[in-house]
>>> print(open('start_30.cif').read())   # mmCIF, C-alpha atoms (C1' of nucleotides) and all ligand atoms
data_entry
#
loop_
_atom_site.label_atom_id
_atom_site.label_comp_id
_atom_site.auth_asym_id
_atom_site.auth_seq_id
_atom_site.Cartn_x
_atom_site.Cartn_y
_atom_site.Cartn_z
CA MET J 364 -23.96 19.30 -108.51
CA GLN J 365 -26.83 19.52 -110.94
CA ILE J 366 -28.64 21.92 -113.19
CA THR J 367 -32.21 22.52 -112.07
CA ARG J 368 -35.26 21.19 -113.80
CA GLU J 369 -36.10 24.74 -114.84
CA THR J 370 -32.80 24.97 -116.70
CA ASP J 371 -33.37 21.58 -118.29
CA TYR J 372 -36.77 22.81 -119.48
CA ALA J 373 -35.22 26.00 -120.81
CA ILE J 374 -32.71 24.06 -122.87
CA ARG J 375 -35.37 21.74 -124.30
CA CYS J 376 -37.43 24.77 -125.12
CA VAL J 377 -34.64 26.50 -127.02
CA LEU J 378 -34.00 23.21 -128.78
CA TYR J 379 -37.59 23.17 -129.99
CA LEU J 380 -37.26 26.67 -131.40
CA VAL J 381 -34.03 25.70 -133.12
CA GLU J 382 -35.84 22.77 -134.68
CA ASN J 383 -38.50 25.12 -136.07
CA PRO J 384 -36.46 27.96 -137.50
CA GLY J 385 -38.18 31.21 -138.40
CA LYS J 386 -41.65 30.27 -137.13
CA VAL J 387 -43.37 32.05 -134.28
CA ILE J 388 -44.34 29.34 -131.82
CA MET J 389 -46.87 29.45 -128.97
CA VAL J 390 -46.05 28.40 -125.42
CA ASP J 391 -48.60 25.65 -125.71
CA SER J 392 -46.91 23.91 -128.62
CA ILE J 393 -43.54 23.83 -126.89
CA ALA J 394 -45.10 22.69 -123.62
CA GLN J 395 -46.83 19.79 -125.32
CA ASP J 396 -43.96 18.69 -127.50
CA LYS J 397 -41.28 18.92 -124.84
CA ASP J 398 -43.43 17.77 -121.92
CA ILE J 399 -43.14 20.90 -119.78
CA PRO J 400 -45.89 22.34 -117.52
CA LYS J 401 -47.34 25.23 -119.51
CA SER J 402 -47.50 27.95 -116.89
CA PHE J 403 -44.00 27.13 -115.70
CA LEU J 404 -42.73 27.29 -119.26
CA SER J 405 -44.35 30.68 -119.57
CA LYS J 406 -42.13 31.99 -116.78
CA ILE J 407 -39.09 30.39 -118.33
CA LEU J 408 -39.78 32.02 -121.67
CA GLN J 409 -40.03 35.36 -119.93
CA LYS J 410 -36.50 34.89 -118.61
CA LEU J 411 -35.24 33.80 -122.01
CA THR J 412 -36.86 36.88 -123.52
CA ARG J 413 -35.22 39.21 -121.03
CA ALA J 414 -31.89 37.55 -121.78
CA ASP J 415 -32.54 38.23 -125.45
CA ILE J 416 -32.27 34.59 -126.40
CA VAL J 417 -35.80 34.54 -127.78
CA SER J 418 -38.13 37.34 -128.78
CA SER J 419 -41.80 37.39 -127.98
CA PHE J 420 -44.88 38.53 -129.90
CA ARG J 421 -48.08 39.29 -128.08
CA GLY J 422 -51.66 39.09 -129.16
CA MET J 423 -53.27 36.75 -131.64
CA LYS J 424 -50.77 34.77 -133.70
CA GLY J 425 -48.23 35.69 -131.06
CA GLY J 426 -45.58 33.42 -129.64
CA PHE J 427 -41.83 33.12 -129.54
CA LYS J 428 -38.90 32.71 -131.88
CA LEU J 429 -35.15 32.71 -131.50
CA SER J 430 -33.59 36.13 -131.57
CA LYS J 431 -30.14 34.86 -132.59
CA ASN J 432 -28.65 32.20 -134.78
CA PRO J 433 -28.32 28.82 -133.09
CA ASP J 434 -24.54 29.07 -133.29
CA GLN J 435 -24.72 32.20 -131.15
CA ILE J 436 -26.53 30.41 -128.32
CA SER J 437 -24.56 28.01 -126.13
CA LEU J 438 -25.55 25.86 -123.19
CA LEU J 439 -23.78 28.41 -120.99
CA THR J 440 -25.92 31.22 -122.41
CA VAL J 441 -29.10 29.45 -121.43
CA ILE J 442 -27.86 28.22 -118.05
CA GLU J 443 -26.77 31.70 -117.08
CA ALA J 444 -30.04 33.21 -118.27
CA ILE J 445 -31.95 30.91 -115.94
CA GLU J 446 -29.69 30.24 -112.95
CA GLY J 447 -27.25 33.13 -113.07
CA PRO J 448 -23.51 32.55 -113.10
CA VAL J 449 -22.04 29.06 -112.78
CA THR J 450 -20.05 29.20 -109.57
CA ILE J 451 -19.15 25.68 -108.41
CA ASN J 452 -18.45 27.02 -104.94
CA ARG J 453 -19.92 30.22 -103.52
CA CYS J 454 -16.52 31.71 -102.90
CA ALA J 455 -15.34 31.19 -106.49
CA LEU J 456 -17.67 34.03 -107.38
CA ASP J 457 -17.20 36.36 -104.45
CA GLU J 458 -14.07 36.17 -102.30
CA ASN J 459 -15.67 38.00 -99.42
CA ILE J 460 -18.17 35.25 -98.84
CA CYS J 461 -15.61 33.01 -97.19
CA SER J 462 -13.70 33.84 -94.04
CA LEU J 463 -10.75 31.74 -95.09
CA SER J 464 -10.26 32.76 -98.68
CA ASN J 465 -6.74 34.09 -98.33
CA SER J 466 -5.35 31.01 -96.62
CA CYS J 467 -7.49 28.44 -98.42
CA THR J 468 -5.55 26.23 -100.81
CA VAL J 469 -8.66 24.89 -102.56
CA HIS J 470 -9.81 28.29 -103.61
CA PRO J 471 -7.69 28.59 -106.77
CA VAL J 472 -8.82 25.11 -107.76
CA TRP J 473 -12.47 26.14 -107.70
CA VAL J 474 -11.70 29.24 -109.69
CA ALA J 475 -9.91 27.14 -112.29
CA LEU J 476 -12.73 24.62 -112.47
CA ARG J 477 -15.25 27.34 -112.91
CA GLY J 478 -13.27 28.60 -115.88
CA LYS J 479 -13.08 25.14 -117.43
CA LEU J 480 -16.76 24.49 -116.98
CA GLU J 481 -17.71 27.80 -118.50
CA SER J 482 -15.50 27.14 -121.45
CA TRP J 483 -16.86 23.61 -121.99
CA LEU J 484 -20.42 24.82 -121.77
CA SER J 485 -19.90 27.70 -124.15
CA GLN J 486 -18.33 25.44 -126.74
CA HIS J 487 -21.60 23.58 -127.15
CA THR J 488 -23.85 25.79 -129.21
CA PHE J 489 -27.33 24.87 -130.37
CA GLU J 490 -26.03 24.58 -133.88
CA GLY J 491 -23.90 21.62 -132.80
CA LEU J 492 -26.76 20.22 -130.77
CA THR J 493 -29.06 19.61 -133.69
CA ALA J 494 -26.55 18.46 -136.26
CA LYS J 495 -27.69 14.99 -137.25
CA ASP J 496 -24.28 13.86 -138.41
CA LYS J 497 -21.36 13.88 -135.95
CA MET Y 80 -24.60 24.68 -110.39
CA GLN Y 81 -22.88 24.63 -107.02
CA ILE Y 82 -21.51 22.31 -104.42
CA THR Y 83 -23.39 22.58 -101.14
CA ARG Y 84 -22.05 24.21 -98.02
CA GLU Y 85 -21.89 20.77 -96.44
CA THR Y 86 -19.50 19.61 -99.15
CA ASP Y 87 -17.43 22.75 -98.80
CA TYR Y 88 -17.16 22.05 -95.07
CA ALA Y 89 -16.20 18.45 -95.74
CA ILE Y 90 -13.37 19.51 -98.01
CA ARG Y 91 -12.06 22.06 -95.52
CA CYS Y 92 -12.23 19.41 -92.87
CA VAL Y 93 -10.21 16.87 -94.85
CA LEU Y 94 -7.77 19.66 -95.60
CA TYR Y 95 -7.26 20.23 -91.88
CA LEU Y 96 -6.54 16.55 -91.32
CA VAL Y 97 -4.08 16.57 -94.21
CA GLU Y 98 -2.33 19.52 -92.60
CA ASN Y 99 -1.97 17.57 -89.34
CA PRO Y 100 -0.74 14.19 -90.52
CA GLY Y 101 -0.83 11.26 -88.14
CA LYS Y 102 -2.52 13.05 -85.23
CA VAL Y 103 -5.93 12.13 -83.93
CA ILE Y 104 -7.97 15.34 -84.00
CA MET Y 105 -11.19 16.18 -82.15
CA VAL Y 106 -14.27 17.58 -83.90
CA ASP Y 107 -13.94 20.70 -81.83
CA SER Y 108 -10.48 21.59 -83.12
CA ILE Y 109 -11.52 21.27 -86.74
CA ALA Y 110 -14.73 23.19 -86.15
CA GLN Y 111 -12.87 26.08 -84.58
CA ASP Y 112 -9.99 26.23 -87.02
CA LYS Y 113 -12.10 25.89 -90.16
CA ASP Y 114 -15.09 27.88 -88.92
CA ILE Y 115 -17.72 25.12 -89.18
CA PRO Y 116 -20.69 24.63 -86.81
CA LYS Y 117 -19.61 21.82 -84.49
CA SER Y 118 -22.69 19.63 -84.48
CA PHE Y 119 -23.00 19.91 -88.25
CA LEU Y 120 -19.37 18.95 -88.64
CA SER Y 121 -20.04 15.94 -86.46
CA LYS Y 122 -22.55 14.67 -89.00
CA ILE Y 123 -20.19 15.38 -91.86
CA LEU Y 124 -17.40 13.42 -90.19
CA GLN Y 125 -19.76 10.50 -89.78
CA LYS Y 126 -20.29 10.46 -93.55
CA LEU Y 127 -16.56 10.72 -94.18
CA THR Y 128 -16.01 7.83 -91.80
CA ARG Y 129 -18.55 5.63 -93.55
CA ALA Y 130 -16.88 6.45 -96.86
CA ASP Y 131 -13.59 5.35 -95.31
CA ILE Y 132 -11.93 8.68 -95.95
CA VAL Y 133 -11.26 9.21 -92.25
CA SER Y 134 -11.26 6.81 -89.33
CA SER Y 135 -12.75 7.63 -85.97
CA PHE Y 136 -11.69 6.84 -82.41
CA ARG Y 137 -14.20 7.00 -79.60
CA GLY Y 138 -13.79 7.72 -75.93
CA MET Y 139 -11.25 9.92 -74.20
CA LYS Y 140 -8.47 11.04 -76.49
CA GLY Y 141 -10.69 10.09 -79.37
CA GLY Y 142 -11.08 11.96 -82.61
CA PHE Y 143 -10.42 11.51 -86.30
CA LYS Y 144 -7.54 10.96 -88.65
CA LEU Y 145 -7.20 10.28 -92.37
CA SER Y 146 -7.50 6.65 -93.29
CA LYS Y 147 -5.63 7.04 -96.59
CA ASN Y 148 -2.72 8.96 -97.96
CA PRO Y 149 -3.62 12.42 -99.21
CA ASP Y 150 -2.77 11.38 -102.74
CA GLN Y 151 -5.47 8.73 -102.54
CA ILE Y 152 -8.18 11.26 -101.72
CA SER Y 153 -9.45 13.53 -104.49
CA LEU Y 154 -12.05 16.27 -104.56
CA LEU Y 155 -14.32 13.80 -106.32
CA THR Y 156 -13.90 11.28 -103.48
CA VAL Y 157 -15.12 13.80 -100.94
CA ILE Y 158 -17.88 15.27 -103.08
CA GLU Y 159 -19.30 11.83 -103.78
CA ALA Y 160 -19.07 10.84 -100.13
CA ILE Y 161 -21.22 13.81 -99.18
CA GLU Y 162 -23.54 14.46 -102.14
CA GLY Y 163 -23.53 11.19 -104.00
CA PRO Y 164 -22.67 11.01 -107.69
CA VAL Y 165 -22.00 14.13 -109.74
CA THR Y 166 -24.71 14.18 -112.37
CA ILE Y 167 -24.92 17.60 -114.08
CA ASN Y 168 -28.40 16.69 -115.29
CA ARG Y 169 -30.68 14.13 -113.68
CA CYS Y 170 -30.96 12.11 -116.84
CA ALA Y 171 -27.19 11.80 -117.28
CA LEU Y 172 -27.32 9.35 -114.41
CA ASP Y 173 -30.52 7.48 -115.12
CA GLU Y 174 -31.95 7.38 -118.64
CA ASN Y 175 -35.40 6.40 -117.43
CA ILE Y 176 -35.87 9.66 -115.59
CA CYS Y 177 -36.53 11.56 -118.79
CA SER Y 178 -39.38 10.90 -121.17
CA LEU Y 179 -37.40 12.19 -124.12
CA SER Y 180 -34.05 10.52 -123.63
CA ASN Y 181 -34.01 8.60 -126.90
CA SER Y 182 -34.78 11.57 -129.10
CA CYS Y 183 -32.96 14.19 -127.05
CA THR Y 184 -29.86 15.56 -128.72
CA VAL Y 185 -28.51 17.20 -125.58
CA HIS Y 186 -28.36 13.95 -123.69
CA PRO Y 187 -24.98 12.76 -124.98
CA VAL Y 188 -23.55 16.18 -124.23
CA TRP Y 189 -24.50 15.90 -120.56
CA VAL Y 190 -23.04 12.44 -120.37
CA ALA Y 191 -19.77 13.62 -121.90
CA LEU Y 192 -19.65 16.63 -119.64
CA ARG Y 193 -20.21 14.50 -116.61
CA GLY Y 194 -17.25 12.36 -117.61
CA LYS Y 195 -15.02 15.39 -118.03
CA LEU Y 196 -15.98 16.81 -114.68
CA GLU Y 197 -15.44 13.55 -112.84
CA SER Y 198 -12.06 13.08 -114.38
CA TRP Y 199 -11.01 16.64 -113.60
CA LEU Y 200 -12.16 16.39 -110.00
CA SER Y 201 -10.43 13.09 -109.44
CA GLN Y 202 -7.16 14.47 -110.76
CA HIS Y 203 -7.05 16.95 -107.91
CA THR Y 204 -5.93 15.03 -104.85
CA PHE Y 205 -5.29 16.47 -101.41
CA GLU Y 206 -1.61 15.94 -101.93
CA GLY Y 207 -1.69 18.50 -104.70
CA LEU Y 208 -3.90 20.77 -102.63
CA THR Y 209 -1.41 21.36 -99.85
CA ALA Y 210 1.78 21.52 -101.87
CA LYS Y 211 3.07 25.05 -101.34
CA ASP Y 212 4.97 25.07 -104.60
CA LYS Y 213 2.75 24.26 -107.48
"C1'" DC G 1274 -14.40 0.43 -61.42
"C1'" DA G 1275 -16.10 5.07 -61.77
"C1'" DT G 1276 -16.02 8.82 -64.50
"C1'" DA G 1277 -15.25 12.26 -67.74
"C1'" DA G 1278 -14.22 12.93 -72.46
"C1'" DA G 1279 -14.92 11.82 -76.73
"C1'" DC G 1280 -17.79 9.96 -81.02
"C1'" DG G 1281 -22.48 7.57 -83.05
"C1'" DA G 1282 -27.16 7.68 -84.33
"C1'" DG G 1283 -31.53 9.36 -84.92
"C1'" DA G 1284 -35.20 12.61 -84.42
"C1'" DC G 1285 -36.21 17.08 -84.95
"C1'" DT G 1286 -36.43 22.01 -86.85
"C1'" DA G 1287 -35.78 26.31 -89.55
"C1'" DA G 1288 -34.51 28.50 -93.65
"C1'" DT G 1289 -33.97 28.46 -98.41
"C1'" DT G 1290 -34.65 26.93 -102.96
"C1'" DT G 1291 -37.20 24.60 -106.41
"C1'" DA G 1292 -41.09 23.84 -108.90
"C1'" DG G 1293 -44.74 25.13 -109.89
"C1'" DT G 1294 -50.05 27.68 -110.12
"C1'" DC G 1295 -53.25 31.40 -110.83
"C1'" DC G 1296 -55.14 35.76 -111.76
"C1'" DT G 1297 -55.26 40.18 -113.94
"C1'" DA G 1298 -53.48 43.35 -117.36
"C1'" DA G 1299 -51.60 44.61 -121.81
"C1'" DT G 1300 -51.34 43.61 -126.84
"C1'" DT G 1301 -52.74 42.71 -131.35
"C1'" DA G 1302 -54.72 40.24 -135.72
"C1'" DA G 1303 -58.81 39.79 -137.75
"C1'" DT X 961 -64.80 44.64 -130.82
"C1'" DT X 962 -63.19 40.46 -129.52
"C1'" DA X 963 -60.67 36.35 -129.02
"C1'" DA X 964 -56.08 34.82 -128.66
"C1'" DT X 965 -51.89 35.41 -126.89
"C1'" DT X 966 -47.88 36.98 -123.79
"C1'" DA X 967 -46.34 39.88 -119.29
"C1'" DG X 968 -46.05 40.27 -114.59
"C1'" DG X 969 -46.82 39.53 -109.89
"C1'" DA X 970 -48.58 37.19 -105.98
"C1'" DC X 971 -49.08 32.98 -104.20
"C1'" DT X 972 -48.28 27.95 -102.77
"C1'" DA X 973 -46.41 23.25 -102.06
"C1'" DA X 974 -42.70 20.23 -101.98
"C1'" DA X 975 -37.98 19.29 -101.57
"C1'" DT X 976 -33.52 20.22 -100.10
"C1'" DT X 977 -30.18 22.39 -97.24
"C1'" DA X 978 -28.33 23.57 -93.09
"C1'" DG X 979 -28.35 22.87 -89.12
"C1'" DT X 980 -29.58 21.46 -83.56
"C1'" DC X 981 -30.42 18.38 -79.70
"C1'" DT X 982 -30.66 14.37 -76.90
"C1'" DC X 983 -29.31 10.18 -75.59
"C1'" DG X 984 -26.45 6.19 -76.02
"C1'" DT X 985 -21.78 3.90 -76.54
"C1'" DT X 986 -16.92 3.65 -76.10
"C1'" DT X 987 -12.56 4.13 -73.75
"C1'" DA X 988 -8.29 6.17 -71.28
"C1'" DT X 989 -7.14 6.99 -66.92
"C1'" DG X 990 -7.02 7.85 -61.72
S1 LIG S 1401 -12.02 30.10 -99.47
FE1 LIG S 1401 -12.61 29.65 -101.47
S2 LIG S 1401 -12.59 27.51 -101.38
FE2 LIG S 1401 -11.86 27.94 -99.46
S1 LIG S 1402 -33.13 13.33 -122.14
FE1 LIG S 1402 -31.21 13.50 -121.25
S2 LIG S 1402 -30.83 15.57 -121.58
FE2 LIG S 1402 -32.65 15.37 -122.68
#
>>> encode(input="start_30.cif", output="structure tokens")
Amino acid sequence: MQITRETDYAIRCVLYLVENPGKVIMVDSIAQDKDIPKSFLSKILQKLTRADIVSSFRGMKGGFKLSKNPDQISLLTVIEAIEGPVTINRCALDENICSLSNSCTVHPVWVALRGKLESWLSQHTFEGLTAKDK
Amino acid sequence: MQITRETDYAIRCVLYLVENPGKVIMVDSIAQDKDIPKSFLSKILQKLTRADIVSSFRGMKGGFKLSKNPDQISLLTVIEAIEGPVTINRCALDENICSLSNSCTVHPVWVALRGKLESWLSQHTFEGLTAKDK
DNA sequence: CATAAACGAGACTAATTTAGTCCTAATTAA
DNA sequence: TTAATTAGGACTAAATTAGTCTCGTTTATG
């Protein structure tokens, strides 16, 4: 029951961009500061771009910057951009996956947990994550 | 962010034993009723036995039964028996795993989240899971 | 006490996912 | 024009997941 390393990297990466508001930052800078393999980070940034969490600029002086305000980006946003939906158990996403879903008494519990988790994760935005006070 | 199939099987399996209180049940019966590959289930029941969630009886008329009351077994109990501790992020378990843990502002969030999850999972016991009313 | 019916343990395997790398193409500031 | 930068796809290695199989041990029972 863990997030993947890729997701962890993605979150650190967004964090770096939040810490440098407005600037267009190169992959290399993020990779070095946040200790992430550069070519892997490249792939991650592509996913974040497609999810419209960051926007990219090609060519010389290119790089990445956030495409939203930090308070519009939550942990859930980033997790879903990288891993897809948070499911807890396969059948909490798609009923048909499990042969027992109509008789299974745990099923509603997974569905409920999934809801809770999603709500917890979306309450933590990147605005809250950099606030020095609190 | 999912439990494994093995864990799902383990939970179904405990559920079956809860539904048949007192009886000593063979691997084969559980496997058939809950649609789990028999030899895989065998391994799972070994883990559950070591975790003292079920007790086993060898030889003719052998099998398994719960070794606790259903209200003493939670989802967390079973998940931990199969997968080990629930961590959310690797570094929420062991600080040393991450090079950035002292400066990282997400860290405390993972730790808090882990606590929430554990508490939620341990509140759902197998007594609650079979109650037909709610 | 022989035997058949169970579980226990460990070695093994196949499939899938994770965690990357690498190369070529497209863009763009200067 | 060119050097710097991302985009995309193919590829690979390692780890984890999801099992199987064989052989050994235990035990109720005729
Ligand atoms: S069918 Fe969904 S948890 Fe059992
Ligand atoms: S070091 Fe623990 S989450 Fe960043």
>>> interface_residues(input="start_30.cif", of="chain Y", to="chain J", cutoff="9 Å", atoms="only C-alpha atoms", output="ChimeraX atom specification")
/Y:80-84,87,90-91,94,113-114,162,164-169,178-179,183-185,188,192,196,199-200,203,208-211
>>> interface_residues(input="start_30.cif", of="chain G", to="chain Y", cutoff="10 Å", atoms="only C-alpha atoms (C1' of nucleotides)", output="ChimeraX atom specification")
/G:1277-1282
>>> interface_residues(input="start_30.cif", of="chain X", to="chain Y", cutoff="8 Å", atoms="all atoms listed in the file", output="list in words")
DT977, DA978, DG979, DT980, DT986, DT987 and DA988 of chain X
>>> residues_near_point(input="start_30.cif", point="(-16.8, 7.0, -60.6)", cutoff="12 Å", atoms="all atoms listed in the file", output="PDB file with C-alpha atoms (C1' of nucleotides), in the frame of the given file")
ATOM      1  C1'  DC G1274     -14.400   0.430 -61.420  1.00  0.00           C
ATOM      2  C1'  DA G1275     -16.100   5.070 -61.770  1.00  0.00           C
ATOM      3  C1'  DT G1276     -16.020   8.820 -64.500  1.00  0.00           C
ATOM      4  C1'  DA G1277     -15.250  12.260 -67.740  1.00  0.00           C
TER       5       DA G1277
ATOM      6  C1'  DT X 989      -7.140   6.990 -66.920  1.00  0.00           C
ATOM      7  C1'  DG X 990      -7.020   7.850 -61.720  1.00  0.00           C
TER       8       DG X 990
END
>>> atom_distance(input="start_30.cif", atom1="atom CA of J:Pro384", atom2="atom CA of J:Val441")
17.7 Å
>>> atom_distance(input="start_30.cif", atom1="atom CA of Y:Leu145", atom2="atom CA of Y:Val97")
7.3 Å
>>> build_atoms(input="start_30.cif", residues="stretch 126-149 of chain Y", atoms="N, CA and C atoms", output="compact mmCIF listing (two decimals), in the frame of the given file")
# COMPACT_ATOMS: atom_id res chain seq x y z
N LYS Y 126 -20.25 10.87 -92.14
CA LYS Y 126 -20.29 10.46 -93.55
C LYS Y 126 -18.90 10.13 -94.07
N LEU Y 127 -17.93 10.95 -93.71
CA LEU Y 127 -16.56 10.72 -94.18
C LEU Y 127 -16.02 9.41 -93.62
N THR Y 128 -16.44 9.09 -92.41
CA THR Y 128 -16.01 7.83 -91.80
C THR Y 128 -16.61 6.64 -92.55
N ARG Y 129 -17.89 6.73 -92.83
CA ARG Y 129 -18.55 5.63 -93.55
C ARG Y 129 -17.94 5.44 -94.94
N ALA Y 130 -17.49 6.53 -95.53
CA ALA Y 130 -16.88 6.45 -96.86
C ALA Y 130 -15.41 6.04 -96.76
N ASP Y 131 -14.97 5.77 -95.56
CA ASP Y 131 -13.59 5.35 -95.31
C ASP Y 131 -12.55 6.36 -95.78
N ILE Y 132 -12.89 7.62 -95.65
CA ILE Y 132 -11.93 8.68 -95.95
C ILE Y 132 -11.18 9.03 -94.67
N VAL Y 133 -11.91 9.04 -93.56
CA VAL Y 133 -11.26 9.21 -92.25
C VAL Y 133 -11.60 8.01 -91.38
N SER Y 134 -10.82 7.80 -90.31
CA SER Y 134 -11.26 6.81 -89.33
C SER Y 134 -11.44 7.50 -87.99
N SER Y 135 -12.39 6.96 -87.21
CA SER Y 135 -12.75 7.63 -85.97
C SER Y 135 -12.28 6.80 -84.76
N PHE Y 136 -12.06 7.49 -83.66
CA PHE Y 136 -11.69 6.84 -82.41
C PHE Y 136 -12.57 7.41 -81.32
N ARG Y 137 -13.26 6.53 -80.61
CA ARG Y 137 -14.20 7.00 -79.60
C ARG Y 137 -13.54 7.06 -78.23
N GLY Y 138 -14.27 7.64 -77.30
CA GLY Y 138 -13.79 7.72 -75.93
C GLY Y 138 -12.77 8.82 -75.73
N MET Y 139 -12.27 8.91 -74.52
CA MET Y 139 -11.25 9.92 -74.20
C MET Y 139 -10.09 9.83 -75.17
N LYS Y 140 -9.57 10.96 -75.52
CA LYS Y 140 -8.47 11.04 -76.49
C LYS Y 140 -8.89 10.55 -77.86
N GLY Y 141 -10.19 10.50 -78.07
CA GLY Y 141 -10.69 10.09 -79.37
C GLY Y 141 -10.60 11.22 -80.37
N GLY Y 142 -11.11 10.95 -81.55
CA GLY Y 142 -11.08 11.96 -82.61
C GLY Y 142 -11.04 11.30 -83.97
N PHE Y 143 -10.47 12.01 -84.93
CA PHE Y 143 -10.42 11.51 -86.30
C PHE Y 143 -9.03 11.67 -86.91
N LYS Y 144 -8.71 10.74 -87.78
CA LYS Y 144 -7.54 10.96 -88.65
C LYS Y 144 -7.83 10.40 -90.04
N LEU Y 145 -7.04 10.80 -91.01
CA LEU Y 145 -7.20 10.28 -92.37
C LEU Y 145 -7.00 8.77 -92.36
N SER Y 146 -7.76 8.08 -93.20
CA SER Y 146 -7.50 6.65 -93.29
C SER Y 146 -6.80 6.27 -94.59
N LYS Y 147 -6.40 7.28 -95.36
CA LYS Y 147 -5.63 7.04 -96.59
C LYS Y 147 -4.56 8.10 -96.72
N ASN Y 148 -3.66 7.89 -97.64
CA ASN Y 148 -2.72 8.96 -97.96
C ASN Y 148 -3.44 10.06 -98.73
N PRO Y 149 -3.01 11.29 -98.52
CA PRO Y 149 -3.62 12.42 -99.21
C PRO Y 149 -3.67 12.25 -100.72
